[in-house]
Amino acid sequence: MSYKVYLDPGHGGIDPGAEGCGKKESACALAVARKVMALLPGRYFEARMSRNSQNIPDNNHPNSDLNRRAREANNWGATIFVSIHLNAGGGTGAETYCAVCGGQSRVLARDIQSQVQAATGIKAHGDPVKTDNIRGAAGDYLCVIRETAMPAVLHECCFIDSAADMARFNPDRWALGIANGICKYFGVPLLSSRGASATYPEKICDTTKDMDMSRLSVYQVRTFHGAQLSSGNSQIALVIPRTSDLWFVVAVGNSGQSAGIYTTLPGKKAVKTFTVKIK
């Protein structure tokens, strides 16, 4: 059985979210969500993101986009909805919001919160799992929890205006925690601390030939030290750096789509190295 996971990196468009320590919440949340999507084992999960860039359908009206995200998840028939944010306001630590009614939303929030704390070493901000009737709301205050038709949570990774929190903030570690929380919720084997899963190929190699990849499969590419790998279309093939010379190419498009993968050496122009074709 394949579970549908809808990942929602918060904010976007003209709305950067909270800002602090030289970072913007929208960019940090997107970095984490991309890595969660790459980590979720393809044999168990199908994943979508509410956005895969800093743009949203209506960049000038970000608040109206919240309903679009919930509606899109509902129409897709998502099994769960996970919104990713960073906090602000002078605190420290991570927390996860769930629906007022609790139920499976609370279970999902508890699993994600516990696995994030295990993966990152960060402490909880007050109660680790909170209901979202914040700011005096009688029911669910957060639109993405209130308007979704499946168990939904909102995870606040840490405080973006806390130097201590941001000194330890690492998208890879947070993504591992969130992905493992999702795996725990569904009873799927957890990923290792290295972030590798059984669906990742063991072989790491260079390539200059076109690659036929199944959707959500991952290919590892070794480059020259200092080289940069990039995708001609990140909606089809997502490129994620692992080390200074190791990259993951993730097939996120649909069958029949293709995208070029480009290599940029220091001081040189980007050169198309190979093409990813989605089977």
# chains A, B, ... in the order shown; residues from 1 in each chain; ligands from 1
call {"tool": "select_by_dssp", "arguments": {"residues": "range 59-263 of chain A", "states": "alpha helix (DSSP H)", "output": "PDB file with N, CA and C atoms, in the first residue's frame"}}
result
ATOM      1  N   ASP A  65      -3.629  31.718  -0.112  1.00  0.00           N
ATOM      2  CA  ASP A  65      -3.064  30.463  -0.611  1.00  0.00           C
ATOM      3  C   ASP A  65      -3.249  29.318   0.379  1.00  0.00           C
ATOM      4  N   LEU A  66      -3.539  29.628   1.634  1.00  0.00           N
ATOM      5  CA  LEU A  66      -3.712  28.574   2.630  1.00  0.00           C
ATOM      6  C   LEU A  66      -4.864  27.656   2.267  1.00  0.00           C
ATOM      7  N   ASN A  67      -5.964  28.232   1.810  1.00  0.00           N
ATOM      8  CA  ASN A  67      -7.103  27.413   1.403  1.00  0.00           C
ATOM      9  C   ASN A  67      -6.752  26.548   0.204  1.00  0.00           C
ATOM     10  N   ARG A  68      -5.947  27.078  -0.704  1.00  0.00           N
ATOM     11  CA  ARG A  68      -5.521  26.305  -1.883  1.00  0.00           C
ATOM     12  C   ARG A  68      -4.739  25.068  -1.459  1.00  0.00           C
ATOM     13  N   ARG A  69      -3.892  25.198  -0.505  1.00  0.00           N
ATOM     14  CA  ARG A  69      -3.083  24.066  -0.045  1.00  0.00           C
ATOM     15  C   ARG A  69      -3.966  22.976   0.557  1.00  0.00           C
ATOM     16  N   ALA A  70      -4.894  23.387   1.418  1.00  0.00           N
ATOM     17  CA  ALA A  70      -5.807  22.410   2.021  1.00  0.00           C
ATOM     18  C   ALA A  70      -6.680  21.759   0.958  1.00  0.00           C
ATOM     19  N   ARG A  71      -7.195  22.571   0.046  1.00  0.00           N
ATOM     20  CA  ARG A  71      -8.071  22.051  -1.016  1.00  0.00           C
ATOM     21  C   ARG A  71      -7.308  21.079  -1.924  1.00  0.00           C
ATOM     22  N   GLU A  72      -6.075  21.411  -2.245  1.00  0.00           N
ATOM     23  CA  GLU A  72      -5.276  20.545  -3.106  1.00  0.00           C
ATOM     24  C   GLU A  72      -5.031  19.196  -2.438  1.00  0.00           C
ATOM     25  N   ALA A  73      -4.719  19.217  -1.147  1.00  0.00           N
ATOM     26  CA  ALA A  73      -4.508  17.961  -0.416  1.00  0.00           C
ATOM     27  C   ALA A  73      -5.791  17.139  -0.372  1.00  0.00           C
ATOM     28  N   ASN A  74      -6.923  17.801  -0.153  1.00  0.00           N
ATOM     29  CA  ASN A  74      -8.210  17.100  -0.113  1.00  0.00           C
ATOM     30  C   ASN A  74      -8.532  16.458  -1.457  1.00  0.00           C
ATOM     31  N   ASN A  75      -8.349  17.230  -2.529  1.00  0.00           N
ATOM     32  CA  ASN A  75      -8.679  16.726  -3.870  1.00  0.00           C
ATOM     33  C   ASN A  75      -7.767  15.577  -4.278  1.00  0.00           C
ATOM     34  N   TRP A  76      -6.534  15.603  -3.827  1.00  0.00           N
ATOM     35  CA  TRP A  76      -5.581  14.530  -4.144  1.00  0.00           C
ATOM     36  C   TRP A  76      -5.907  13.266  -3.351  1.00  0.00           C
ATOM     37  N   GLY A 103      -7.219  12.726  18.202  1.00  0.00           N
ATOM     38  CA  GLY A 103      -7.299  11.577  17.317  1.00  0.00           C
ATOM     39  C   GLY A 103      -5.979  11.275  16.634  1.00  0.00           C
ATOM     40  N   GLN A 104      -6.059  10.900  15.356  1.00  0.00           N
ATOM     41  CA  GLN A 104      -4.853  10.533  14.606  1.00  0.00           C
ATOM     42  C   GLN A 104      -3.960  11.741  14.353  1.00  0.00           C
ATOM     43  N   SER A 105      -4.535  12.932  14.347  1.00  0.00           N
ATOM     44  CA  SER A 105      -3.718  14.133  14.221  1.00  0.00           C
ATOM     45  C   SER A 105      -2.748  14.245  15.396  1.00  0.00           C
ATOM     46  N   ARG A 106      -3.221  13.957  16.594  1.00  0.00           N
ATOM     47  CA  ARG A 106      -2.346  13.996  17.775  1.00  0.00           C
ATOM     48  C   ARG A 106      -1.286  12.896  17.699  1.00  0.00           C
ATOM     49  N   VAL A 107      -1.670  11.716  17.256  1.00  0.00           N
ATOM     50  CA  VAL A 107      -0.703  10.619  17.125  1.00  0.00           C
ATOM     51  C   VAL A 107       0.400  11.007  16.144  1.00  0.00           C
ATOM     52  N   LEU A 108       0.008  11.570  14.998  1.00  0.00           N
ATOM     53  CA  LEU A 108       0.989  11.989  13.994  1.00  0.00           C
ATOM     54  C   LEU A 108       1.903  13.082  14.554  1.00  0.00           C
ATOM     55  N   ALA A 109       1.320  14.060  15.248  1.00  0.00           N
ATOM     56  CA  ALA A 109       2.119  15.140  15.841  1.00  0.00           C
ATOM     57  C   ALA A 109       3.111  14.590  16.862  1.00  0.00           C
ATOM     58  N   ARG A 110       2.665  13.665  17.690  1.00  0.00           N
ATOM     59  CA  ARG A 110       3.536  13.065  18.704  1.00  0.00           C
ATOM     60  C   ARG A 110       4.696  12.310  18.052  1.00  0.00           C
ATOM     61  N   ASP A 111       4.405  11.556  16.986  1.00  0.00           N
ATOM     62  CA  ASP A 111       5.456  10.774  16.329  1.00  0.00           C
ATOM     63  C   ASP A 111       6.481  11.681  15.658  1.00  0.00           C
ATOM     64  N   ILE A 112       6.018  12.729  14.979  1.00  0.00           N
ATOM     65  CA  ILE A 112       6.955  13.647  14.321  1.00  0.00           C
ATOM     66  C   ILE A 112       7.784  14.396  15.358  1.00  0.00           C
ATOM     67  N   GLN A 113       7.140  14.902  16.400  1.00  0.00           N
ATOM     68  CA  GLN A 113       7.863  15.653  17.426  1.00  0.00           C
ATOM     69  C   GLN A 113       8.930  14.793  18.098  1.00  0.00           C
ATOM     70  N   SER A 114       8.586  13.585  18.446  1.00  0.00           N
ATOM     71  CA  SER A 114       9.552  12.718  19.144  1.00  0.00           C
ATOM     72  C   SER A 114      10.724  12.357  18.247  1.00  0.00           C
ATOM     73  N   GLN A 115      10.456  12.100  16.978  1.00  0.00           N
ATOM     74  CA  GLN A 115      11.533  11.722  16.074  1.00  0.00           C
ATOM     75  C   GLN A 115      12.416  12.912  15.713  1.00  0.00           C
ATOM     76  N   VAL A 116      11.837  14.109  15.628  1.00  0.00           N
ATOM     77  CA  VAL A 116      12.656  15.310  15.395  1.00  0.00           C
ATOM     78  C   VAL A 116      13.585  15.537  16.580  1.00  0.00           C
ATOM     79  N   GLN A 117      13.063  15.401  17.787  1.00  0.00           N
ATOM     80  CA  GLN A 117      13.913  15.586  18.962  1.00  0.00           C
ATOM     81  C   GLN A 117      15.023  14.541  18.995  1.00  0.00           C
ATOM     82  N   ALA A 118      14.715  13.312  18.600  1.00  0.00           N
ATOM     83  CA  ALA A 118      15.728  12.258  18.587  1.00  0.00           C
ATOM     84  C   ALA A 118      16.798  12.523  17.525  1.00  0.00           C
ATOM     85  N   ALA A 119      16.378  13.028  16.363  1.00  0.00           N
ATOM     86  CA  ALA A 119      17.313  13.234  15.246  1.00  0.00           C
ATOM     87  C   ALA A 119      18.175  14.476  15.420  1.00  0.00           C
ATOM     88  N   THR A 120      17.637  15.490  16.105  1.00  0.00           N
ATOM     89  CA  THR A 120      18.331  16.777  16.183  1.00  0.00           C
ATOM     90  C   THR A 120      18.908  17.091  17.551  1.00  0.00           C
ATOM     91  N   CYS A 143      -5.539  27.280   9.449  1.00  0.00           N
ATOM     92  CA  CYS A 143      -6.333  26.920   8.274  1.00  0.00           C
ATOM     93  C   CYS A 143      -5.966  25.546   7.737  1.00  0.00           C
ATOM     94  N   VAL A 144      -4.672  25.243   7.681  1.00  0.00           N
ATOM     95  CA  VAL A 144      -4.247  23.987   7.063  1.00  0.00           C
ATOM     96  C   VAL A 144      -4.607  22.776   7.921  1.00  0.00           C
ATOM     97  N   ILE A 145      -4.936  22.988   9.175  1.00  0.00           N
ATOM     98  CA  ILE A 145      -5.471  21.915  10.010  1.00  0.00           C
ATOM     99  C   ILE A 145      -6.996  21.931   9.975  1.00  0.00           C
ATOM    100  N   ARG A 146      -7.563  23.120  10.011  1.00  0.00           N
ATOM    101  CA  ARG A 146      -9.019  23.257  10.046  1.00  0.00           C
ATOM    102  C   ARG A 146      -9.684  22.806   8.747  1.00  0.00           C
ATOM    103  N   ALA A 163      19.586  32.480  18.307  1.00  0.00           N
ATOM    104  CA  ALA A 163      20.922  32.134  17.801  1.00  0.00           C
ATOM    105  C   ALA A 163      21.289  30.704  18.178  1.00  0.00           C
ATOM    106  N   ALA A 164      20.881  30.276  19.379  1.00  0.00           N
ATOM    107  CA  ALA A 164      21.196  28.911  19.821  1.00  0.00           C
ATOM    108  C   ALA A 164      20.480  27.883  18.953  1.00  0.00           C
ATOM    109  N   ASP A 165      19.197  28.122  18.663  1.00  0.00           N
ATOM    110  CA  ASP A 165      18.441  27.196  17.824  1.00  0.00           C
ATOM    111  C   ASP A 165      19.034  27.135  16.416  1.00  0.00           C
ATOM    112  N   MET A 166      19.322  28.297  15.849  1.00  0.00           N
ATOM    113  CA  MET A 166      19.786  28.326  14.463  1.00  0.00           C
ATOM    114  C   MET A 166      21.212  27.812  14.326  1.00  0.00           C
ATOM    115  N   ALA A 167      21.977  27.825  15.404  1.00  0.00           N
ATOM    116  CA  ALA A 167      23.320  27.259  15.349  1.00  0.00           C
ATOM    117  C   ALA A 167      23.264  25.752  15.158  1.00  0.00           C
ATOM    118  N   ARG A 168      22.190  25.132  15.621  1.00  0.00           N
ATOM    119  CA  ARG A 168      22.046  23.680  15.468  1.00  0.00           C
ATOM    120  C   ARG A 168      21.118  23.300  14.324  1.00  0.00           C
ATOM    121  N   PRO A 171      18.895  21.357   7.915  1.00  0.00           N
ATOM    122  CA  PRO A 171      17.750  20.787   7.198  1.00  0.00           C
ATOM    123  C   PRO A 171      17.803  19.272   7.066  1.00  0.00           C
ATOM    124  N   ASP A 172      19.001  18.706   6.931  1.00  0.00           N
ATOM    125  CA  ASP A 172      19.128  17.252   6.801  1.00  0.00           C
ATOM    126  C   ASP A 172      18.633  16.544   8.064  1.00  0.00           C
ATOM    127  N   ARG A 173      19.026  17.054   9.231  1.00  0.00           N
ATOM    128  CA  ARG A 173      18.643  16.410  10.479  1.00  0.00           C
ATOM    129  C   ARG A 173      17.148  16.571  10.740  1.00  0.00           C
ATOM    130  N   TRP A 174      16.625  17.768  10.455  1.00  0.00           N
ATOM    131  CA  TRP A 174      15.190  17.970  10.660  1.00  0.00           C
ATOM    132  C   TRP A 174      14.369  17.122   9.688  1.00  0.00           C
ATOM    133  N   ALA A 175      14.842  17.040   8.453  1.00  0.00           N
ATOM    134  CA  ALA A 175      14.130  16.216   7.466  1.00  0.00           C
ATOM    135  C   ALA A 175      14.125  14.750   7.885  1.00  0.00           C
ATOM    136  N   LEU A 176      15.239  14.287   8.408  1.00  0.00           N
ATOM    137  CA  LEU A 176      15.309  12.899   8.881  1.00  0.00           C
ATOM    138  C   LEU A 176      14.308  12.676  10.007  1.00  0.00           C
ATOM    139  N   GLY A 177      14.226  13.636  10.935  1.00  0.00           N
ATOM    140  CA  GLY A 177      13.284  13.496  12.037  1.00  0.00           C
ATOM    141  C   GLY A 177      11.840  13.482  11.576  1.00  0.00           C
ATOM    142  N   ILE A 178      11.482  14.406  10.683  1.00  0.00           N
ATOM    143  CA  ILE A 178      10.106  14.461  10.188  1.00  0.00           C
ATOM    144  C   ILE A 178       9.777  13.207   9.389  1.00  0.00           C
ATOM    145  N   ALA A 179      10.711  12.787   8.515  1.00  0.00           N
ATOM    146  CA  ALA A 179      10.476  11.579   7.719  1.00  0.00           C
ATOM    147  C   ALA A 179      10.310  10.356   8.620  1.00  0.00           C
ATOM    148  N   ASN A 180      11.135  10.264   9.655  1.00  0.00           N
ATOM    149  CA  ASN A 180      11.013   9.124  10.570  1.00  0.00           C
ATOM    150  C   ASN A 180       9.724   9.190  11.384  1.00  0.00           C
ATOM    151  N   GLY A 181       9.274  10.402  11.696  1.00  0.00           N
ATOM    152  CA  GLY A 181       7.989  10.534  12.377  1.00  0.00           C
ATOM    153  C   GLY A 181       6.852  10.018  11.513  1.00  0.00           C
ATOM    154  N   ILE A 182       6.916  10.319  10.222  1.00  0.00           N
ATOM    155  CA  ILE A 182       5.906   9.825   9.286  1.00  0.00           C
ATOM    156  C   ILE A 182       5.989   8.307   9.179  1.00  0.00           C
ATOM    157  N   CYS A 183       7.214   7.796   9.078  1.00  0.00           N
ATOM    158  CA  CYS A 183       7.392   6.336   9.008  1.00  0.00           C
ATOM    159  C   CYS A 183       6.847   5.658  10.263  1.00  0.00           C
ATOM    160  N   LYS A 184       7.136   6.234  11.429  1.00  0.00           N
ATOM    161  CA  LYS A 184       6.658   5.648  12.682  1.00  0.00           C
ATOM    162  C   LYS A 184       5.141   5.637  12.723  1.00  0.00           C
ATOM    163  N   TYR A 185       4.519   6.712  12.282  1.00  0.00           N
ATOM    164  CA  TYR A 185       3.064   6.819  12.295  1.00  0.00           C
ATOM    165  C   TYR A 185       2.424   5.693  11.488  1.00  0.00           C
ATOM    166  N   PHE A 186       3.042   5.360  10.342  1.00  0.00           N
ATOM    167  CA  PHE A 186       2.467   4.331   9.473  1.00  0.00           C
ATOM    168  C   PHE A 186       3.025   2.936   9.749  1.00  0.00           C
TER     169      PHE A 186
END
call {"tool": "residues_around", "arguments": {"residues": "Asn133 in chain A", "least_positions_apart": "2", "cutoff": "12 Å", "atoms": "only C-alpha atoms", "output": "short mmCIF file (atom, residue, chain, number, x, y, z; two decimals) with N, CA and C atoms, in the first residue's frame"}}
result
data_model
loop_
_atom_site.label_atom_id
_atom_site.label_comp_id
_atom_site.auth_asym_id
_atom_site.auth_seq_id
_atom_site.Cartn_x
_atom_site.Cartn_y
_atom_site.Cartn_z
N TYR A 97 1.84 21.21 16.31
CA TYR A 97 0.42 21.47 16.54
C TYR A 97 -0.44 20.39 15.89
N CYS A 98 -1.50 20.02 16.57
CA CYS A 98 -2.43 19.03 16.04
C CYS A 98 -3.85 19.57 16.17
N ALA A 99 -4.82 18.86 15.62
CA ALA A 99 -6.21 19.28 15.66
C ALA A 99 -6.75 19.25 17.08
N VAL A 100 -7.71 20.14 17.34
CA VAL A 100 -8.34 20.21 18.66
C VAL A 100 -8.96 18.87 19.05
N CYS A 101 -9.52 18.18 18.08
CA CYS A 101 -10.17 16.90 18.37
C CYS A 101 -9.17 15.79 18.67
N GLY A 102 -7.87 16.06 18.44
CA GLY A 102 -6.84 15.05 18.74
C GLY A 102 -6.86 13.92 17.75
N LYS A 130 0.83 20.40 20.85
CA LYS A 130 -0.17 21.37 21.27
C LYS A 130 -1.37 21.31 20.32
N THR A 131 -2.57 21.54 20.86
CA THR A 131 -3.73 21.72 20.00
C THR A 131 -3.66 23.12 19.39
N ARG A 135 -4.56 31.62 20.13
CA ARG A 135 -5.08 32.98 19.97
C ARG A 135 -6.58 33.06 20.27
N GLY A 136 -7.03 32.22 21.21
CA GLY A 136 -8.40 32.31 21.67
C GLY A 136 -9.43 31.71 20.75
N ALA A 137 -9.01 30.96 19.74
CA ALA A 137 -9.98 30.35 18.82
C ALA A 137 -10.78 29.28 19.54
N ALA A 138 -12.07 29.20 19.24
CA ALA A 138 -12.92 28.19 19.86
C ALA A 138 -12.63 26.80 19.32
N GLY A 139 -12.24 26.73 18.05
CA GLY A 139 -11.90 25.46 17.42
C GLY A 139 -10.50 25.52 16.85
N ASP A 140 -10.28 24.82 15.75
CA ASP A 140 -8.96 24.84 15.12
C ASP A 140 -8.71 26.21 14.50
N TYR A 141 -7.61 26.83 14.90
CA TYR A 141 -7.26 28.16 14.41
C TYR A 141 -6.52 28.09 13.07
N LEU A 142 -5.62 27.13 12.92
CA LEU A 142 -4.75 27.06 11.74
C LEU A 142 -5.53 26.51 10.55
N CYS A 143 -5.54 27.28 9.45
CA CYS A 143 -6.33 26.92 8.27
C CYS A 143 -5.97 25.55 7.74
N ILE A 145 -4.94 22.99 9.17
CA ILE A 145 -5.47 21.92 10.01
C ILE A 145 -7.00 21.93 9.98
N ARG A 146 -7.56 23.12 10.01
CA ARG A 146 -9.02 23.26 10.05
C ARG A 146 -9.68 22.81 8.75
#
call {"tool": "atom_distance", "arguments": {"atom1": "CA of Tyr219 in chain A", "atom2": "CA of Val250 in chain A"}}
result
6.5 Å
call {"tool": "atom_distance", "arguments": {"atom1": "CA of Gly89 in chain A", "atom2": "CA of Cys158 in chain A"}}
result
10.9 Å
call {"tool": "atom_distance", "arguments": {"atom1": "CA of Gly256 in chain A", "atom2": "CA of Val32 in chain A"}}
result
27.5 Å
call {"tool": "residues_around", "arguments": {"residues": "Gly42 in chain A", "least_positions_apart": "5", "cutoff": "9 Å", "atoms": "only C-alpha atoms", "output": "list of chain:residue names"}}
result
A:Ser2, A:Ala47, A:Thr199, A:Arg215, A:Leu216, A:Ser217, A:Val218
